[in-house]
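The data block below is target_35.txt; it holds compact mmCIF, C-alpha atoms and all ligand atoms.
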```
# COMPACT_ATOMS: atom_id res chain seq x y z
CA MET H 1 0.00 0.00 0.00
CA ASN H 2 1.09 3.55 -0.72
CA ARG H 3 2.50 4.84 2.57
CA ARG H 4 1.87 8.51 1.90
CA LEU H 5 -0.65 9.87 4.41
CA GLY H 6 -2.95 12.87 4.24
CA VAL H 7 -4.36 13.97 7.59
CA LEU H 8 -7.57 16.01 7.87
CA ILE H 9 -8.10 18.07 11.01
CA SER H 10 -10.32 20.80 12.43
CA GLY H 11 -8.54 21.79 15.61
CA ARG H 12 -6.06 20.86 18.30
CA GLY H 13 -4.32 18.09 16.39
CA SER H 14 -3.05 15.94 19.25
CA ASN H 15 -3.78 12.78 17.26
CA LEU H 16 -1.98 14.32 14.30
CA GLN H 17 0.96 14.87 16.65
CA ALA H 18 0.81 11.22 17.71
CA LEU H 19 1.06 10.19 14.05
CA ILE H 20 3.92 12.63 13.43
CA ASP H 21 5.81 11.33 16.47
CA ALA H 22 5.22 7.69 15.57
CA SER H 23 6.50 8.16 12.04
CA ARG H 24 9.54 10.10 13.27
CA GLU H 25 10.33 7.45 15.86
CA GLY H 26 9.97 4.58 13.39
CA ARG H 27 6.87 3.09 15.04
CA LEU H 28 4.87 3.97 11.93
CA ASP H 29 6.42 3.33 8.54
CA ALA H 30 4.63 6.14 6.72
CA THR H 31 5.13 9.74 5.63
CA ILE H 32 2.58 12.44 6.34
CA VAL H 33 2.72 14.44 3.13
CA VAL H 34 -0.07 16.92 3.78
CA VAL H 35 -2.31 18.17 6.60
CA ILE H 36 -5.55 19.85 5.60
CA SER H 37 -7.77 21.77 8.01
CA ASN H 38 -11.21 23.14 7.30
CA ARG H 39 -10.49 25.87 9.88
CA ASP H 40 -7.76 28.45 9.84
CA ASP H 41 -5.54 29.26 12.80
CA VAL H 42 -5.85 25.91 14.54
CA GLN H 43 -3.15 24.33 16.64
CA GLY H 44 -2.97 21.30 14.38
CA LEU H 45 -1.74 23.43 11.46
CA GLU H 46 1.02 24.81 13.67
CA ARG H 47 2.00 21.29 14.70
CA ALA H 48 2.22 20.25 11.05
CA ARG H 49 4.31 23.27 10.06
CA ALA H 50 6.60 22.77 13.04
CA ALA H 51 7.22 19.26 11.72
CA GLY H 52 7.94 20.57 8.22
CA ILE H 53 4.74 19.13 6.76
CA ASP H 54 2.77 20.88 4.04
CA ALA H 55 -0.25 22.36 5.87
CA LEU H 56 -3.23 24.00 4.22
CA THR H 57 -6.63 25.35 5.09
CA ILE H 58 -9.51 24.49 2.82
CA SER H 59 -12.45 26.17 4.46
CA HIS H 60 -15.80 24.45 4.25
CA ARG H 61 -17.37 27.87 3.66
CA GLY H 62 -17.89 29.57 0.33
CA TRP H 63 -18.39 26.51 -1.90
CA PRO H 64 -21.53 26.07 -3.99
CA SER H 65 -22.03 22.66 -2.37
CA ARG H 66 -20.57 20.34 0.25
CA ASP H 67 -19.33 18.10 -2.57
CA ASP H 68 -17.30 20.96 -4.03
CA HIS H 69 -15.46 21.30 -0.73
CA ASP H 70 -14.75 17.56 -0.78
CA ARG H 71 -13.55 17.74 -4.38
CA ALA H 72 -11.10 20.51 -3.48
CA ILE H 73 -9.68 18.27 -0.74
CA VAL H 74 -9.39 15.34 -3.16
CA ARG H 75 -7.44 17.51 -5.60
CA GLU H 76 -4.86 18.38 -2.94
CA LEU H 77 -4.57 14.77 -1.76
CA ARG H 78 -4.17 13.44 -5.28
CA ALA H 79 -1.67 16.14 -6.19
CA ARG H 80 0.55 14.68 -3.47
CA ASP H 81 -0.14 11.04 -4.32
CA VAL H 82 -1.73 10.34 -0.91
CA GLY H 83 -2.61 6.67 -0.45
CA LEU H 84 -4.34 6.71 2.96
CA VAL H 85 -6.37 9.51 4.53
CA CYS H 86 -6.56 9.85 8.32
CA LEU H 87 -9.28 11.95 9.91
CA ALA H 88 -7.97 13.29 13.20
CA GLY H 89 -10.57 15.44 14.89
CA TYR H 90 -12.01 16.41 11.50
CA MET H 91 -15.45 17.78 12.29
CA ARG H 92 -17.08 17.35 8.89
CA LEU H 93 -19.07 14.56 7.31
CA VAL H 94 -17.15 12.98 4.47
CA GLY H 95 -19.13 13.04 1.24
CA ALA H 96 -19.19 10.94 -1.91
CA PRO H 97 -16.36 12.67 -3.80
CA LEU H 98 -13.85 11.90 -1.05
CA LEU H 99 -15.24 8.43 -0.29
CA ASP H 100 -15.19 7.48 -3.97
CA ALA H 101 -11.64 8.78 -4.43
CA TYR H 102 -10.39 6.74 -1.43
CA PRO H 103 -12.43 3.54 -1.13
CA ASN H 104 -11.49 1.68 2.07
CA ALA H 105 -8.66 4.14 2.48
CA ILE H 106 -10.03 6.71 4.92
CA LEU H 107 -9.66 6.13 8.66
CA ASN H 108 -11.23 7.96 11.58
CA ILE H 109 -10.62 7.89 15.32
CA HIS H 110 -13.56 8.23 17.69
CA PRO H 111 -13.42 8.45 21.50
CA SER H 112 -15.94 5.73 22.39
CA LEU H 113 -16.37 2.03 21.84
CA LEU H 114 -18.51 2.18 18.71
CA PRO H 115 -21.28 1.47 17.96
CA ALA H 116 -21.92 3.04 21.36
CA PHE H 117 -22.04 6.83 21.44
CA PRO H 118 -21.42 7.98 17.88
CA GLY H 119 -21.52 11.66 16.98
CA VAL H 120 -20.78 14.61 19.19
CA ASP H 121 -19.77 14.57 22.84
CA PRO H 122 -19.26 10.81 23.14
CA GLN H 123 -17.55 11.14 26.54
CA ARG H 124 -20.56 13.02 27.94
CA GLN H 125 -22.88 10.45 26.38
CA ALA H 126 -20.91 7.63 28.05
CA ILE H 127 -21.07 9.26 31.48
CA GLU H 128 -24.76 10.09 31.18
CA HIS H 129 -25.52 6.53 30.08
CA GLY H 130 -23.70 5.18 33.13
CA VAL H 131 -21.35 2.80 31.31
CA ARG H 132 -18.38 1.54 33.34
CA VAL H 133 -16.13 1.12 30.33
CA SER H 134 -15.70 3.33 27.29
CA GLY H 135 -12.70 3.69 25.02
CA VAL H 136 -11.47 4.46 21.56
CA THR H 137 -12.28 3.12 18.10
CA VAL H 138 -10.32 3.45 14.87
CA HIS H 139 -12.54 2.61 11.92
CA PHE H 140 -12.88 3.01 8.19
CA VAL H 141 -15.03 5.90 7.09
CA THR H 142 -18.23 5.24 5.19
CA SER H 143 -21.15 7.47 4.27
CA GLU H 144 -22.70 6.80 7.68
CA LEU H 145 -21.35 8.76 10.62
CA ASP H 146 -18.95 6.77 12.87
CA ASN H 147 -20.16 3.51 11.38
CA GLY H 148 -17.51 1.88 9.17
CA PRO H 149 -15.57 -1.37 9.67
CA ILE H 150 -13.65 -1.34 12.95
CA VAL H 151 -9.88 -1.70 12.71
CA LEU H 152 -8.95 -1.46 16.39
CA GLN H 153 -10.54 -0.68 19.75
CA ARG H 154 -9.13 -0.04 23.21
CA ALA H 155 -11.15 -0.03 26.39
CA VAL H 156 -10.81 2.69 29.01
CA PRO H 157 -12.58 2.61 32.40
CA VAL H 158 -15.11 5.22 33.42
CA VAL H 159 -14.56 6.02 37.10
CA GLU H 160 -16.70 7.50 39.85
CA GLY H 161 -16.72 11.28 39.65
CA ASP H 162 -15.61 11.42 36.01
CA THR H 163 -16.57 14.51 34.05
CA PRO H 164 -16.55 14.59 30.25
CA ASP H 165 -13.17 16.31 30.49
CA THR H 166 -11.53 13.80 32.84
CA LEU H 167 -12.84 10.88 30.79
CA ALA H 168 -11.75 12.56 27.54
CA ALA H 169 -8.23 13.00 28.93
CA ARG H 170 -8.02 9.32 29.94
CA ILE H 171 -9.30 8.17 26.55
CA LEU H 172 -6.97 10.55 24.71
CA ILE H 173 -3.92 8.76 26.15
CA GLU H 174 -5.15 5.55 24.51
CA GLU H 175 -6.07 7.36 21.29
CA HIS H 176 -2.49 8.47 20.84
CA LYS H 177 -1.29 4.86 21.01
CA ALA H 178 -4.17 3.36 19.07
CA TYR H 179 -4.09 5.57 15.98
CA PRO H 180 -0.49 4.93 14.89
CA GLU H 181 -0.99 1.24 15.60
CA ALA H 182 -4.17 1.04 13.53
CA VAL H 183 -2.57 2.94 10.64
CA SER H 184 0.36 0.49 10.74
CA MET H 185 -2.01 -2.46 10.61
CA VAL H 186 -3.83 -1.05 7.61
CA LEU H 187 -0.62 -0.19 5.77
CA ALA H 188 0.77 -3.65 6.47
CA GLY H 189 -1.94 -5.15 4.25
CA GLY H 190 -3.12 -8.74 4.52
CA TRP H 191 -6.67 -7.72 5.42
CA ARG H 192 -10.04 -7.62 3.73
CA ILE H 193 -13.46 -6.21 4.46
CA GLU H 194 -16.16 -8.88 4.92
CA GLY H 195 -19.56 -7.34 5.33
CA ARG H 196 -18.80 -4.69 7.86
CA ARG H 197 -15.88 -6.60 9.41
CA PHE H 198 -12.19 -5.80 9.04
CA VAL H 199 -10.61 -9.25 8.79
CA ARG H 200 -6.87 -9.87 8.96
CA SER H 201 -5.38 -13.00 7.47
CA ALA H 202 -3.49 -15.23 9.89
CA SER H 203 -0.18 -14.22 8.36
CA ALA H 204 -0.79 -10.45 8.67
CA GLY H 205 2.18 -9.89 10.65
CA SER H 206 4.30 -7.67 12.68
CA ALA H 207 1.95 -4.81 13.43
CA SER H 208 -0.41 -6.95 15.48
CA PRO H 209 -2.45 -5.07 18.05
CA SER H 210 -2.05 -5.46 21.76
CA PRO H 211 -4.94 -7.36 23.32
CA LEU H 212 -8.03 -5.39 24.20
CA ARG H 213 -7.56 -4.23 27.72
CA ALA H 214 -9.45 -2.20 30.26
CA GLY H 215 -7.66 0.36 32.32
CA SER H 216 -4.07 -0.55 31.82
C1 LIG M 301 -10.25 13.22 19.54
O1 LIG M 301 -10.86 12.84 20.76
C2 LIG M 301 -10.74 12.34 18.41
O2 LIG M 301 -10.96 11.03 18.80
C3 LIG M 301 -12.04 12.99 18.03
O3 LIG M 301 -11.80 14.38 18.14
C4 LIG M 301 -10.73 14.60 19.08
C5 LIG M 301 -9.68 15.35 18.33
O4 LIG M 301 -8.60 15.70 19.14
N1 LIG M 301 -12.48 12.57 16.73
P1 LIG M 301 -7.24 16.17 18.49
O5 LIG M 301 -7.59 17.33 17.54
O6 LIG M 301 -6.64 15.01 17.78
O7 LIG M 301 -6.40 16.64 19.65
```

Written as structure tokens, that's how I'd like the structure from this file.
Amino acid sequence: MNRRLGVLISGRGSNLQALIDASREGRLDATIVVVISNRDDVQGLERARAAGIDALTISHRGWPSRDDHDRAIVRELRARDVGLVCLAGYMRLVGAPLLDAYPNAILNIHPSLLPAFPGVDPQRQAIEHGVRVSGVTVHFVTSELDNGPIVLQRAVPVVEGDTPDTLAARILIEEHKAYPEAVSMVLAGGWRIEGRRFVRSASAGSASPSPLRAGS
């Protein structure tokens, strides 16, 4: 698989930073060739530039349609021969032009154990629901929000007295490990999508995930 990554962001970019660090430290055999934000002046763009990565804003405003915004993103990704797209806190729905340009080649990270608590404020949803365990999911992006084949999940405990912020901080620690690992697994190949399952062949090798664990 083409190991050139494009990362789409809308804000802070801590997961972007985790991918940058992993590729610099040799834990992720990939090159981030472009970071695209739909918002200007976000921390993630600064992180990208500090790492010497091409960083652009393509605002979602001012296009005749949502699809035109997506098409503009596709043009920039293709111009740099991106093979895998990673959404990292990208707060937009991905439309047909981007999905069609990158079939089974767009990943997203979401701070809950999907299919529980998709959409906004998943940490608040988890606390209000009273679950004892939440976590992180890395999944392929489809036309349905937070609903594609699951590549990797990690469990994180919800503890007494948690607020959305304290739970988010605990989950974020796992996100930063999970995303580079999931990207490595996908780039390593030896997998297929069966129905809505991400299935790895027995020989799909070195980038095997750590076992699912709660609270380690
Ligand atoms: C993360 O919790 C990610 O899972 C979610 O949005 C947040 C983005 O944080 N999709 P950051 O911009 O990566 O710091």

I'd like to know which of H:Gly6, H:Pro64, H:Pro118, H:Pro157 is closest to ligand LIG 301 (chain M), using only C-alpha atoms and all ligand atoms.
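Nearest to ligand LIG 301 (chain M): H:Pro118.
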
Close residues, stretch 9-25 of chain H itself excluded, 7 Å, all atoms listed in the file, min 5 positions apart in chain, as a PDB file with C-alpha atoms, in the frame of the given file:
```
ATOM      1  CA  ALA H  30       4.630   6.140   6.720  1.00  0.00           C
ATOM      2  CA  THR H  31       5.130   9.740   5.630  1.00  0.00           C
ATOM      3  CA  ILE H  36      -5.550  19.850   5.600  1.00  0.00           C
ATOM      4  CA  SER H  37      -7.770  21.770   8.010  1.00  0.00           C
ATOM      5  CA  ASN H  38     -11.210  23.140   7.300  1.00  0.00           C
ATOM      6  CA  ARG H  39     -10.490  25.870   9.880  1.00  0.00           C
ATOM      7  CA  VAL H  42      -5.850  25.910  14.540  1.00  0.00           C
ATOM      8  CA  GLN H  43      -3.150  24.330  16.640  1.00  0.00           C
ATOM      9  CA  GLY H  44      -2.970  21.300  14.380  1.00  0.00           C
ATOM     10  CA  ARG H  47       2.000  21.290  14.700  1.00  0.00           C
ATOM     11  CA  LEU H  87      -9.280  11.950   9.910  1.00  0.00           C
ATOM     12  CA  ALA H  88      -7.970  13.290  13.200  1.00  0.00           C
ATOM     13  CA  GLY H  89     -10.570  15.440  14.890  1.00  0.00           C
ATOM     14  CA  TYR H  90     -12.010  16.410  11.500  1.00  0.00           C
ATOM     15  CA  MET H  91     -15.450  17.780  12.290  1.00  0.00           C
ATOM     16  CA  HIS H 176      -2.490   8.470  20.840  1.00  0.00           C
ATOM     17  CA  PRO H 180      -0.490   4.930  14.890  1.00  0.00           C
TER      18      PRO H 180
END
```

Taking all atoms listed in the file into account, name the residue in H:Leu93, H:Leu187, H:Val199, H:Val133 that is nearest to ligand LIG 301 (chain M).
H:Leu93

Which value, in Å to one decimal, gives the distance between atom CA of H:Pro149 and atom CA of H:Val186?
11.9 Å

Which one is closest to ligand LIG 301 (chain M): H:Arg170, H:Arg27, H:Arg66, H:Arg61? Count all atoms listed in the file.
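Of H:Arg170, H:Arg27, H:Arg66, H:Arg61, the one nearest ligand LIG 301 (chain M), counting all atoms listed in the file, is H:Arg170.
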
Between atom CA of H:Val131 and atom CA of H:Asp165, what is the spacing in Å?
15.8 Å

Which is closer to ligand LIG 301 (chain M) than all the others in H:Gln125, H:Thr57, H:Thr137, H:Ser65, using only C-alpha atoms and all ligand atoms?
H:Thr137
